[in-house]
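For reference, my_file01.cif (mmCIF, C-alpha atoms):
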```cif
data_coords
loop_
_atom_site.label_atom_id
_atom_site.label_comp_id
_atom_site.auth_asym_id
_atom_site.auth_seq_id
_atom_site.Cartn_x
_atom_site.Cartn_y
_atom_site.Cartn_z
CA MET A 1151 90.49 266.98 31.12
CA ALA A 1152 87.69 269.40 31.95
CA THR A 1153 83.93 269.14 32.15
CA LYS A 1154 81.76 272.06 31.06
CA SER A 1155 78.02 272.20 31.63
CA VAL A 1156 75.85 274.17 29.27
CA GLY A 1157 72.67 273.72 31.29
CA ARG A 1158 71.81 275.75 34.37
CA GLY A 1159 70.08 275.04 37.66
CA PRO A 1160 70.64 273.36 41.03
CA GLY A 1161 73.32 270.69 40.94
CA LYS A 1162 71.77 268.30 43.45
CA GLU A 1163 68.82 267.26 41.30
CA LYS A 1164 68.92 263.79 39.76
CA MET A 1165 70.38 263.61 36.28
CA LYS A 1166 69.85 260.84 33.73
CA LEU A 1167 72.31 260.32 30.88
CA LYS A 1168 70.55 260.02 27.52
CA SER A 1169 73.37 259.79 24.98
CA LEU A 1170 77.10 260.27 24.32
CA LEU A 1171 78.32 262.11 21.24
CA LEU A 1172 81.76 262.62 19.74
CA ARG A 1173 83.25 266.06 19.19
CA TYR A 1174 86.33 265.89 16.99
CA TYR A 1175 87.48 269.52 17.19
CA PRO A 1176 88.65 270.09 19.82
CA PRO A 1177 88.67 266.47 21.07
CA GLY A 1178 85.88 265.81 23.51
CA ILE A 1179 82.70 263.93 24.37
CA MET A 1180 79.31 265.60 24.53
CA LEU A 1181 76.84 264.32 27.13
CA GLU A 1182 73.11 264.73 26.62
CA TYR A 1183 71.25 264.28 29.89
CA GLU A 1184 67.86 264.88 31.45
CA LYS A 1185 67.48 267.03 34.53
CA SER A 1186 64.11 268.01 36.03
CA GLY A 1187 62.46 266.95 32.79
CA GLU A 1188 64.67 269.23 30.69
CA LEU A 1189 67.24 268.00 28.16
CA LYS A 1190 70.66 269.55 28.74
CA THR A 1191 74.18 269.06 27.46
CA LYS A 1192 77.68 269.21 28.90
CA SER A 1193 81.07 268.47 27.46
CA ILE A 1194 84.10 266.51 28.61
CA ASP A 1195 87.02 268.36 27.05
CA LEU A 1196 90.01 266.17 26.15
CA LEU A 1197 92.32 268.94 24.97
CA ASN A 1198 95.49 267.02 25.87
CA LEU A 1199 94.44 263.77 24.21
CA SER A 1200 97.08 262.24 21.96
CA SER A 1201 97.43 259.03 20.01
CA SER A 1202 99.60 257.61 22.84
CA THR A 1203 97.22 258.46 25.72
CA ASP A 1204 96.42 255.48 27.99
CA VAL A 1205 92.71 255.01 27.29
CA ASN A 1206 91.95 252.87 30.36
CA ALA A 1207 93.57 255.37 32.72
CA LEU A 1208 91.74 258.25 31.05
CA VAL A 1209 88.36 256.51 31.37
CA GLU A 1210 89.00 255.94 35.07
CA GLU A 1211 89.82 259.64 35.47
CA ILE A 1212 86.62 260.60 33.63
CA GLN A 1213 84.51 258.32 35.83
CA LYS A 1214 85.91 259.92 38.98
CA ALA A 1215 85.23 263.43 37.72
CA GLU A 1216 81.85 262.93 36.00
CA PRO A 1217 78.99 261.19 37.88
CA LEU A 1218 77.02 260.64 34.67
CA ILE A 1219 79.72 258.26 33.38
CA THR A 1220 79.00 255.07 35.33
CA ALA A 1221 80.79 251.72 35.07
CA SER A 1222 78.15 250.48 32.61
CA ARG A 1223 79.19 253.24 30.21
CA SER A 1224 82.96 252.66 30.42
CA ASP A 1225 83.23 250.45 27.33
CA GLN A 1226 81.28 252.97 25.27
CA VAL A 1227 83.51 255.81 26.46
CA LYS A 1228 86.62 253.77 25.59
CA LEU A 1229 85.37 253.26 22.04
CA LEU A 1230 84.67 256.98 21.65
CA ILE A 1231 88.15 257.91 22.89
CA GLN A 1232 89.73 255.39 20.53
CA ARG A 1233 87.80 256.96 17.65
CA LEU A 1234 89.12 260.36 18.68
CA GLN A 1235 92.65 258.96 18.73
CA ASP A 1236 92.14 257.50 15.25
CA LYS A 1237 91.09 260.95 14.08
CA LEU A 1238 94.21 262.51 15.61
CA ARG A 1239 96.38 260.03 13.68
CA GLN A 1240 94.91 261.20 10.38
CA HIS A 1241 97.10 263.80 8.71
CA SER A 1242 95.22 266.69 7.15
CA ASN A 1243 97.65 267.38 4.33
CA HIS A 1244 94.91 268.47 1.96
CA LYS A 1245 95.66 269.94 -1.42
CA PHE A 1246 93.07 272.55 -2.32
CA TYR A 1247 91.79 273.21 -5.85
CA LEU A 1248 89.71 276.13 -7.01
CA PHE A 1249 86.23 274.96 -7.94
CA LYS A 1250 83.99 278.03 -7.70
CA VAL A 1251 84.45 281.73 -8.32
CA LEU A 1252 81.32 283.76 -7.55
CA ARG A 1253 80.62 287.41 -8.14
CA ALA A 1254 78.27 287.37 -5.20
CA HIS A 1255 77.04 290.99 -5.10
CA ILE A 1256 76.88 294.04 -7.32
CA LEU A 1257 78.75 296.11 -4.72
CA PRO A 1258 81.79 295.08 -2.62
CA LEU A 1259 81.59 292.39 0.03
CA THR A 1260 82.05 293.08 3.72
CA ASN A 1261 82.24 289.65 5.35
CA VAL A 1262 81.80 285.92 4.80
CA ALA A 1263 80.78 283.18 7.26
CA LEU A 1264 80.35 279.41 7.03
CA ASN A 1265 77.87 277.23 8.85
CA LYS A 1266 79.46 274.47 10.91
CA SER A 1267 79.16 271.71 8.30
CA GLY A 1268 80.37 273.98 5.51
CA SER A 1269 77.31 273.09 3.42
CA CYS A 1270 76.42 276.75 3.00
CA PHE A 1271 77.89 280.17 3.61
CA ILE A 1272 76.70 283.76 3.82
CA THR A 1273 78.01 287.02 2.40
CA GLY A 1274 77.38 290.59 3.52
CA SER A 1275 77.66 293.52 1.17
CA TYR A 1276 77.55 297.24 0.58
CA ASP A 1277 74.44 296.51 -1.53
CA ARG A 1278 72.49 296.32 1.78
CA THR A 1279 71.82 292.57 1.52
CA CYS A 1280 73.10 289.31 2.91
CA LYS A 1281 73.05 286.28 0.62
CA VAL A 1282 72.94 282.58 1.52
CA TRP A 1283 74.85 280.24 -0.79
CA ASP A 1284 75.07 276.49 -1.31
CA THR A 1285 78.79 275.68 -1.09
CA ALA A 1286 78.79 272.64 -3.38
CA SER A 1287 76.75 274.07 -6.26
CA GLY A 1288 77.42 277.79 -5.85
CA GLU A 1289 73.66 278.35 -6.03
CA GLU A 1290 72.21 281.40 -4.33
CA LEU A 1291 69.65 280.07 -1.84
CA HIS A 1292 68.30 283.30 -0.37
CA THR A 1293 68.78 287.04 -0.51
CA LEU A 1294 68.09 288.58 2.90
CA GLU A 1295 66.68 292.04 2.17
CA GLY A 1296 65.45 294.73 4.53
CA HIS A 1297 68.46 296.67 5.77
CA ARG A 1298 68.71 300.31 4.67
CA ASN A 1299 72.50 300.54 4.67
CA VAL A 1300 75.64 298.40 4.40
CA VAL A 1301 75.35 294.88 5.88
CA TYR A 1302 78.67 294.62 7.70
CA ALA A 1303 78.55 291.98 10.45
CA ILE A 1304 77.12 288.51 9.77
CA ALA A 1305 77.04 285.18 11.59
CA PHE A 1306 75.38 281.77 11.79
CA ASN A 1307 74.26 280.47 15.18
CA ASN A 1308 76.74 277.60 15.01
CA PRO A 1309 76.75 274.73 15.82
CA TYR A 1310 73.01 274.72 15.02
CA GLY A 1311 73.20 276.75 11.82
CA ASP A 1312 69.46 277.37 11.53
CA LYS A 1313 69.60 281.13 12.17
CA ILE A 1314 71.55 284.05 10.75
CA ALA A 1315 72.21 287.45 12.32
CA THR A 1316 73.07 290.53 10.26
CA GLY A 1317 74.35 293.83 11.64
CA SER A 1318 74.14 296.96 9.54
CA PHE A 1319 75.29 300.53 9.23
CA ASP A 1320 71.56 301.35 9.50
CA LYS A 1321 72.03 300.80 13.28
CA THR A 1322 69.88 297.65 13.39
CA CYS A 1323 70.48 293.91 13.67
CA LYS A 1324 68.16 291.40 12.04
CA LEU A 1325 67.58 287.72 12.86
CA TRP A 1326 66.73 285.40 9.96
CA SER A 1327 65.83 281.79 9.25
CA ALA A 1328 68.73 280.16 7.42
CA GLU A 1329 66.32 277.67 5.86
CA THR A 1330 63.62 279.99 4.54
CA GLY A 1331 65.18 283.47 4.59
CA LYS A 1332 62.33 284.77 6.76
CA CYS A 1333 63.15 287.69 9.08
CA TYR A 1334 62.22 286.83 12.67
CA HIS A 1335 63.17 290.06 14.44
CA THR A 1336 64.70 293.47 13.88
CA PHE A 1337 66.69 294.62 16.90
CA ARG A 1338 66.59 298.42 17.28
CA GLY A 1339 68.36 300.52 19.89
CA HIS A 1340 71.88 301.36 18.75
CA THR A 1341 72.50 304.96 17.75
CA ALA A 1342 75.37 304.27 15.32
CA GLU A 1343 76.62 301.58 12.95
CA ILE A 1344 76.74 297.93 14.09
CA VAL A 1345 80.16 296.52 13.18
CA CYS A 1346 80.40 293.22 15.09
CA LEU A 1347 78.04 290.57 16.44
CA SER A 1348 78.04 287.09 17.93
CA PHE A 1349 75.61 284.38 19.04
CA ASN A 1350 76.11 282.74 22.41
CA PRO A 1351 76.84 278.97 22.23
CA GLN A 1352 73.33 278.11 23.44
CA SER A 1353 71.79 280.20 20.63
CA THR A 1354 69.54 282.07 23.05
CA LEU A 1355 71.25 285.46 22.75
CA VAL A 1356 72.87 287.56 20.08
CA ALA A 1357 75.30 290.32 21.04
CA THR A 1358 75.96 293.39 18.91
CA GLY A 1359 78.82 295.89 19.08
CA SER A 1360 78.46 299.40 17.72
CA MET A 1361 80.25 302.60 16.83
CA ASP A 1362 78.05 304.20 19.52
CA THR A 1363 80.52 302.75 22.12
CA THR A 1364 78.01 300.22 23.49
CA ALA A 1365 77.25 296.54 23.08
CA LYS A 1366 73.77 295.10 23.46
CA LEU A 1367 72.44 291.62 24.22
CA TRP A 1368 69.20 290.55 22.55
CA ASP A 1369 66.81 287.69 23.30
CA ILE A 1370 66.46 285.55 20.18
CA GLN A 1371 63.07 284.14 21.23
CA ASN A 1372 61.13 287.35 21.86
CA GLY A 1373 63.32 289.90 20.08
CA GLU A 1374 63.73 292.07 23.17
CA GLU A 1375 66.84 293.86 24.37
CA VAL A 1376 68.25 292.12 27.47
CA PHE A 1377 71.15 294.38 28.47
CA THR A 1378 73.15 297.34 27.24
CA LEU A 1379 76.86 297.08 28.06
CA THR A 1380 78.20 300.58 28.68
CA GLY A 1381 81.65 301.72 29.76
CA HIS A 1382 83.80 302.05 26.65
CA SER A 1383 84.71 305.57 25.57
CA ALA A 1384 85.14 304.77 21.87
CA GLU A 1385 83.80 302.44 19.18
CA ILE A 1386 83.45 298.69 19.90
CA ILE A 1387 84.96 296.75 17.00
CA SER A 1388 85.41 293.23 18.42
CA LEU A 1389 83.00 291.08 20.40
CA SER A 1390 82.67 287.39 21.30
CA PHE A 1391 81.32 284.96 23.91
CA ASN A 1392 83.40 282.36 25.71
CA THR A 1393 82.54 278.71 25.03
CA LEU A 1394 80.45 278.46 28.20
CA GLY A 1395 78.37 281.42 27.14
CA ASN A 1396 78.55 283.05 30.59
CA ARG A 1397 81.07 285.76 29.67
CA ILE A 1398 81.32 288.18 26.78
CA ILE A 1399 84.34 290.20 25.72
CA THR A 1400 84.40 293.54 23.90
CA GLY A 1401 87.38 295.26 22.28
CA SER A 1402 87.36 298.97 21.60
CA PHE A 1403 89.16 301.82 19.88
CA ASP A 1404 89.64 303.24 23.40
CA HIS A 1405 92.61 300.82 23.70
CA THR A 1406 90.84 298.62 26.28
CA VAL A 1407 89.01 295.30 26.43
CA ALA A 1408 86.10 294.69 28.79
CA VAL A 1409 84.81 291.36 30.13
CA TRP A 1410 81.12 291.14 31.06
CA GLU A 1411 78.75 288.67 32.70
CA ALA A 1412 76.26 287.53 30.07
CA ASP A 1413 73.61 286.73 32.72
CA THR A 1414 73.61 290.15 34.37
CA GLY A 1415 75.35 292.57 32.00
CA ARG A 1416 77.76 293.45 34.80
CA LYS A 1417 81.31 294.41 33.86
CA VAL A 1418 83.70 291.93 35.49
CA TYR A 1419 86.91 293.79 34.69
CA THR A 1420 88.66 295.97 32.14
CA LEU A 1421 91.90 294.84 30.54
CA ILE A 1422 94.22 297.86 30.38
CA GLY A 1423 97.68 297.66 28.85
CA HIS A 1424 97.54 298.30 25.11
CA CYS A 1425 98.50 301.76 23.90
CA ALA A 1426 96.54 301.77 20.63
CA GLU A 1427 93.23 300.55 19.18
CA ILE A 1428 92.19 296.93 19.74
CA SER A 1429 91.91 294.80 16.59
CA SER A 1430 90.83 291.45 18.09
CA ALA A 1431 89.80 289.95 21.43
CA LEU A 1432 88.81 286.38 22.20
CA PHE A 1433 88.82 283.57 24.79
CA ASN A 1434 90.59 280.26 24.39
CA TRP A 1435 88.48 277.10 24.36
CA ASP A 1436 88.64 276.27 28.09
CA CYS A 1437 87.96 279.93 29.02
CA SER A 1438 91.20 280.25 31.01
CA LEU A 1439 92.94 282.79 28.77
CA ILE A 1440 92.07 285.90 26.78
CA LEU A 1441 94.03 287.01 23.73
CA THR A 1442 93.98 290.61 22.55
CA GLY A 1443 95.59 292.12 19.46
CA SER A 1444 96.27 295.80 18.95
CA MET A 1445 97.45 298.44 16.54
CA ASP A 1446 100.35 298.95 18.99
CA LYS A 1447 102.10 296.01 17.22
CA THR A 1448 101.60 293.59 20.15
CA CYS A 1449 99.27 290.90 21.37
CA MET A 1450 98.63 290.45 25.08
CA LEU A 1451 97.66 287.29 26.93
CA TRP A 1452 95.46 287.66 30.02
CA ASP A 1453 94.35 285.37 32.85
CA ALA A 1454 90.59 285.14 32.32
CA THR A 1455 89.93 284.45 36.01
CA ASN A 1456 91.41 287.70 37.34
CA GLY A 1457 92.04 289.94 34.33
CA LYS A 1458 95.80 290.11 34.89
CA CYS A 1459 98.22 290.29 31.97
CA VAL A 1460 100.41 287.17 31.87
CA ALA A 1461 102.41 287.92 28.70
CA THR A 1462 103.00 290.44 25.95
CA LEU A 1463 103.73 288.85 22.58
CA THR A 1464 106.12 291.03 20.59
CA GLY A 1465 108.13 290.83 17.38
CA HIS A 1466 105.94 292.44 14.72
CA ASP A 1467 107.06 295.68 13.09
CA ASP A 1468 103.58 296.98 12.37
CA GLU A 1469 99.97 296.80 13.56
CA ILE A 1470 98.39 293.47 14.58
CA LEU A 1471 95.38 293.04 12.32
CA ASP A 1472 94.16 289.62 13.51
CA SER A 1473 94.97 286.95 16.09
CA CYS A 1474 93.56 283.60 17.12
CA PHE A 1475 93.95 280.44 19.21
CA ASP A 1476 93.90 276.94 17.78
CA TYR A 1477 90.96 274.80 18.92
CA THR A 1478 92.83 273.33 21.89
CA GLY A 1479 94.22 276.68 23.02
CA LYS A 1480 97.81 275.45 22.88
CA LEU A 1481 98.88 277.68 19.99
CA ILE A 1482 98.41 281.37 19.21
CA ALA A 1483 98.72 282.94 15.77
CA THR A 1484 99.14 286.64 14.97
CA ALA A 1485 98.83 288.46 11.64
CA SER A 1486 100.31 291.87 10.99
CA ALA A 1487 100.42 294.79 8.60
CA ASP A 1488 104.15 294.06 8.34
CA GLY A 1489 103.29 291.18 5.96
CA THR A 1490 104.24 288.39 8.37
CA ALA A 1491 102.46 286.08 10.78
CA ARG A 1492 103.81 284.42 13.90
CA VAL A 1493 102.95 281.33 15.93
CA PHE A 1494 103.40 281.34 19.71
CA SER A 1495 103.10 278.66 22.38
CA ALA A 1496 100.33 279.57 24.82
CA ALA A 1497 102.19 277.71 27.57
CA THR A 1498 105.69 279.19 27.16
CA ARG A 1499 104.62 282.45 25.46
CA LYS A 1500 107.58 281.95 23.09
CA CYS A 1501 107.50 282.39 19.32
CA ILE A 1502 107.60 278.98 17.64
CA THR A 1503 107.84 280.09 14.02
CA LYS A 1504 107.50 283.07 11.71
CA LEU A 1505 105.44 282.91 8.49
CA GLU A 1506 107.14 284.90 5.74
CA GLY A 1507 106.25 285.18 2.07
CA HIS A 1508 103.30 287.53 1.66
CA GLU A 1509 104.03 290.77 -0.18
CA GLY A 1510 101.35 292.82 1.57
CA GLU A 1511 99.67 293.15 4.96
CA ILE A 1512 97.94 290.07 6.39
CA SER A 1513 94.43 290.95 7.46
CA LYS A 1514 93.14 287.49 8.43
CA ILE A 1515 94.57 284.36 10.03
CA SER A 1516 93.00 281.11 11.25
CA PHE A 1517 93.96 277.57 12.21
CA ASN A 1518 92.42 274.54 10.56
CA PRO A 1519 90.41 272.39 13.00
CA GLN A 1520 93.27 269.92 13.36
CA GLY A 1521 95.60 272.74 14.43
CA ASN A 1522 98.49 271.75 12.17
CA HIS A 1523 97.88 274.28 9.40
CA LEU A 1524 97.28 278.01 9.22
CA LEU A 1525 95.37 280.01 6.63
CA THR A 1526 96.27 283.64 5.92
CA GLY A 1527 94.66 286.24 3.68
CA SER A 1528 96.63 289.20 2.41
CA ALA A 1529 96.54 292.47 0.53
CA ASP A 1530 98.87 290.84 -2.02
CA LYS A 1531 95.75 289.16 -3.52
CA THR A 1532 96.65 285.68 -2.27
CA ALA A 1533 95.76 283.35 0.57
CA ARG A 1534 98.36 280.93 1.85
CA ILE A 1535 98.34 277.66 3.78
CA TRP A 1536 101.22 277.13 6.21
CA ASP A 1537 102.63 274.42 8.44
CA ALA A 1538 101.89 275.73 11.94
CA GLN A 1539 105.03 274.17 13.47
CA THR A 1540 107.68 274.84 10.83
CA GLY A 1541 106.31 277.98 9.18
CA GLN A 1542 106.70 276.40 5.74
CA CYS A 1543 104.30 277.67 3.08
CA LEU A 1544 102.44 274.60 1.83
CA GLN A 1545 100.24 276.19 -0.82
CA ILE A 1546 99.43 279.56 -2.36
CA LEU A 1547 95.77 280.11 -3.28
CA GLU A 1548 95.85 282.50 -6.22
CA GLY A 1549 93.27 283.89 -8.60
CA HIS A 1550 91.94 286.87 -6.67
CA THR A 1551 91.67 290.22 -8.41
CA ASP A 1552 91.91 292.31 -5.27
CA GLU A 1553 93.14 292.10 -1.69
CA ILE A 1554 91.72 289.35 0.52
CA PHE A 1555 89.86 290.63 3.55
CA SER A 1556 88.32 287.39 4.81
CA CYS A 1557 89.14 283.69 4.74
CA ALA A 1558 88.08 280.67 6.79
CA PHE A 1559 88.13 276.89 7.05
CA ASN A 1560 84.96 274.89 7.55
CA TYR A 1561 84.60 272.59 10.57
CA LYS A 1562 86.17 269.57 8.82
CA GLY A 1563 89.04 271.60 7.41
CA ASN A 1564 88.47 270.46 3.80
CA ILE A 1565 86.81 273.64 2.50
CA ILE A 1566 88.16 277.18 2.43
CA ILE A 1567 86.26 280.34 1.59
CA THR A 1568 88.04 283.55 0.72
CA GLY A 1569 86.83 287.03 -0.28
CA LEU A 1570 86.89 289.81 -1.87
CA TRP A 1571 85.96 287.72 -4.85
CA HIS A 1572 84.69 284.46 -3.41
CA ALA A 1573 86.88 281.52 -4.21
CA VAL A 1574 85.61 278.29 -2.71
CA MET A 1575 88.18 275.49 -2.50
CA GLU A 1576 87.62 271.82 -1.78
CA GLU A 1577 89.83 268.79 -1.28
CA ARG A 1578 89.57 266.22 -4.09
CA ARG A 1579 90.94 262.72 -3.53
CA GLY A 1580 92.06 260.50 -6.40
CA GLN A 1581 91.40 263.03 -9.11
CA ARG A 1582 91.78 266.68 -9.82
CA LYS A 1583 88.77 268.66 -10.94
CA THR A 1584 88.57 272.36 -11.61
CA TRP A 1585 85.37 274.33 -12.13
CA GLN A 1586 85.01 278.04 -12.61
CA VAL A 1587 81.68 279.83 -12.47
CA LEU A 1588 81.77 283.49 -13.55
CA LEU A 1589 78.76 285.78 -13.24
CA SER A 1590 78.82 288.71 -15.64
CA SER A 1591 75.68 290.81 -15.78
CA LEU A 1592 72.88 288.24 -16.11
CA VAL A 1593 74.95 285.61 -17.91
CA LEU A 1594 76.19 282.56 -15.98
CA GLN A 1595 79.13 280.88 -17.67
CA VAL A 1596 80.39 277.46 -16.50
CA TYR A 1597 83.74 275.95 -17.46
CA SER A 1598 84.72 272.42 -16.43
CA SER A 1599 87.81 270.34 -16.97
CA THR A 1600 88.82 266.99 -15.49
CA ASN A 1601 92.36 265.70 -15.27
CA LEU A 1602 92.58 262.12 -13.99
#
```
Can the structure in the file be given as structure tokens, please?
Amino acid sequence: MATKSVGRGPGKEKMKLKSLLLRYYPPGIMLEYEKSGELKTKSIDLLNLSSSTDVNALVEEIQKAEPLITASRSDQVKLLIQRLQDKLRQHSNHKFYLFKVLRAHILPLTNVALNKSGSCFITGSYDRTCKVWDTASGEELHTLEGHRNVVYAIAFNNPYGDKIATGSFDKTCKLWSAETGKCYHTFRGHTAEIVCLSFNPQSTLVATGSMDTTAKLWDIQNGEEVFTLTGHSAEIISLSFNTLGNRIITGSFDHTVAVWEADTGRKVYTLIGHCAEISSALFNWDCSLILTGSMDKTCMLWDATNGKCVATLTGHDDEILDSCFDYTGKLIATASADGTARVFSAATRKCITKLEGHEGEISKISFNPQGNHLLTGSADKTARIWDAQTGQCLQILEGHTDEIFSCAFNYKGNIIITGLWHAVMEERRGQRKTWQVLLSSLVLQVYSSTNL
């Protein structure tokens, strides 16, 4: 159990608990509290919670560690933990059915991203636009226009989902309203293409990584540049915040990864050990570990507190193209150009299972929120769903006309989005429905069939 505070300021001031909220993935309880007249939040992470956990003992432990949880709140906390345990008992053995196929842009797509609820998603394209889509209907909600070159990096400010950031080959980043499509700010300062970006968890900053070898932090409120992170000697192609929002990580073609303080822009340390370009770099949920993937066919696991390498994950015969943690940070998944994926234990650093079956390189891999399934996207024009423990292929998502470069679950794990052509899949209980929507020129054709 760990407590993470999102708010800042002196710790001795009186705090008043306002509300308790559930967080299903990863398991935890969010605390909203008032401090010096300002509403803040912190989380109690229950990453080791299981259906057999002693609830009474856990509540006692929480009360000792968190002053905001008083005896008067113990019954409420018990009920919340029991609800989390009920959720853990639910098996997410969803069967996915194709219900939308969208030709989203005239020119090829670059990236896709979901908001937290999965109610809408965004697409970036070589046509210099980003489009906002309603997931259920397939309706185009907004076209975000204004960039003068390819829109390559895109993101929602999850969990809020009210803002969108777009990074372009025109060297600028733009901030938009997800609701209206209005452009709030254009961030200028990079001298080469922007290829990655990320919001901090508090949605006060957006970070951009560029081919000019720098990353920049921007203030969302006033549109001003906060810091420029310099030190890499080649392009920055991966960038993300930790879940606290106080550290940012950048991966570069110079074979290194750098960790920075988000508050000061100071480099904390450089992770040196890979012997080829970095393909991915990210923190685990509790900010204790860093995972890096490289074209040198390995992933490396680092202690986030001191920057020391704790393990090198080997076994692939070709470049690592993507890697990720599950929500709890207990499992690691790697995807490779050798056409296979692997699952490792973060604790033992041992390979648990190997995912075999794709007939082309795997460019994308992600866990579902429950952590029991994996989604992979491949150059063989399919996406696949796998059992994360056994490596068994549970379902093949077919129908793509070209290689898949992006795929993702929504927060609930019941919707999947894949690209190059966008295929949106949804779980259907009790009946099977299949819709296909094909856009050809200006003609929208809809086909529907229902099999009870």
Contacts of segment 1397-1414 of chain A within 7 Å, only C-alpha atoms, excl. fewer than 6 positions in-chain, as a ChimeraX atom specification: /A:1382-1391,1420-1422,1424-1428,1430-1432
Expand the PyMOL selection byres ((chain A and resi 1443-1450) around 8) into the individual residues it matches in the shown file, reporting them as an MDAnalysis selection string. chainID A and resid 1405 1424:1431 1441:1442 1451:1452 1459:1473 1484 1486
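Applied to this file, the PyMOL selection byres ((chain A and resi 1367) around 6) selects Val1356, Ala1357, Lys1366, Trp1368, Val1376 and Phe1377 of chain A.
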Could the residues in this selection be written to a file with C-alpha atoms, as a PDB file, keeping the file's coordinate frame?
```pdb
ATOM      1  CA  VAL A1356      72.870 287.560  20.080  1.00  0.00           C
ATOM      2  CA  ALA A1357      75.300 290.320  21.040  1.00  0.00           C
ATOM      3  CA  LYS A1366      73.770 295.100  23.460  1.00  0.00           C
ATOM      4  CA  TRP A1368      69.200 290.550  22.550  1.00  0.00           C
ATOM      5  CA  VAL A1376      68.250 292.120  27.470  1.00  0.00           C
ATOM      6  CA  PHE A1377      71.150 294.380  28.470  1.00  0.00           C
TER       7      PHE A1377
END
```
Return the single residue from A:Gly1527, A:Gly1549, A:Pro1519, A:Gly1381 that is closest to Tyr1419 of chain A, with distances computed using all atoms listed in the file. A:Gly1381
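Note that the spacing between atom CA of Thr1455 of chain A and atom CA of Ile1440 of chain A amounts to 9.6 Å.
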Using all atoms listed in the file, collect all residues at a distance of at most 7 Å from (68.3, 288.3, 0.9) as written in the file, then present them as a ChimeraX atom specification. /A:1279-1281,1292-1295,1331
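Comparing A:Cys1333, A:Val1262, A:Val1493, A:Leu1394 by their smallest distance to Gly1296 of chain A, the closest is A:Cys1333 (using only C-alpha atoms).
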Explicit residues for the PyMOL selection byres ((chain A and resi 1558-1563) around 8) (as a PyMOL selection string): chain A and resi 1175+1242+1263-1268+1516-1520+1525+1556-1557+1564-1568
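Atom CA of Leu1524 of chain A to atom CA of Trp1283 of chain A spans 24.7 Å [interatomic distance, one decimal].
Here the selection is built from all atoms listed in the file, and the residues within 9 Å of (68.7, 284.7, 9.2) turn out to be A:Cys1280, A:Leu1294, A:Ala1305, A:Phe1306, A:Asp1312, A:Lys1313, A:Ile1314, A:Ala1315, A:Thr1316, A:Lys1324, A:Leu1325, A:Trp1326, A:Ser1327, A:Ala1328, A:Glu1329, A:Thr1330, A:Gly1331, A:Lys1332, A:Cys1333, A:Tyr1334.
Nearest to Val1282 of chain A of all the residues A:Ile1482, A:Leu1347, A:Ile1304, A:Cys1501 is A:Ile1304, counting all atoms listed in the file.
The nearest approach to Lys1321 of chain A among the residues A:Asn1392, A:Asn1307, A:Ser1169, A:Thr1336, with only C-alpha atoms taken into account, belongs to A:Thr1336.
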Hey, what's within 6 Å of Arg1278 of chain A if we count all atoms listed in the file and toss same-chain stuff fewer than 5 positions away? As JSON, numbers by chain, please? {"A": [1297, 1299, 1300, 1301]}
Would you save the residues of that selection, restricted to C-alpha atoms, as a compact mmCIF listing (two decimals), keeping the file's coordinate frame?
```
# COMPACT_ATOMS: atom_id res chain seq x y z
CA HIS A 1297 68.46 296.67 5.77
CA ASN A 1299 72.50 300.54 4.67
CA VAL A 1300 75.64 298.40 4.40
CA VAL A 1301 75.35 294.88 5.88
```
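The two atoms in question, atom CA of Ile1502 of chain A and atom CA of Leu1199 of chain A, are spaced 21.2 Å apart.
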Counting all atoms listed in the file, what is within 9 Å of Cys1543 of chain A, bar same-chain residues fewer than 2 positions away, as an MDAnalysis selection string? chainID A and resid 1505:1507 1534:1537 1540:1541 1545:1546
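Of the listed residues (A:Arg1492, A:Gly1395, A:Gly1415, A:Leu1355), A:Gly1415 comes nearest to Leu1379 of chain A; the distances count only C-alpha atoms.
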Once 6 Å is added on each side, what centre and edge lengths in Å to one decimal does the axis-aligned box around all listed atoms of segment 1566-1570 of chain A have, as JSON?
```
{"center_x": 87.2, "center_y": 283.5, "center_z": 0.3, "size_x": 13.9, "size_y": 24.6, "size_z": 16.3}
```
Name the residues in contact with Asp1204 of chain A at a cut-off of 12 Å, using only C-alpha atoms, excluding same-chain residues fewer than 5 positions from it; report them as a PyMOL selection string. chain A and resi 1198-1199+1209-1211+1228+1231-1232+1235
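Candidate residues A:Asp1453, A:Leu1170, A:Lys1458, A:Phe1349 were compared for distance to Gly1423 of chain A, and the nearest is A:Lys1458, using only C-alpha atoms.
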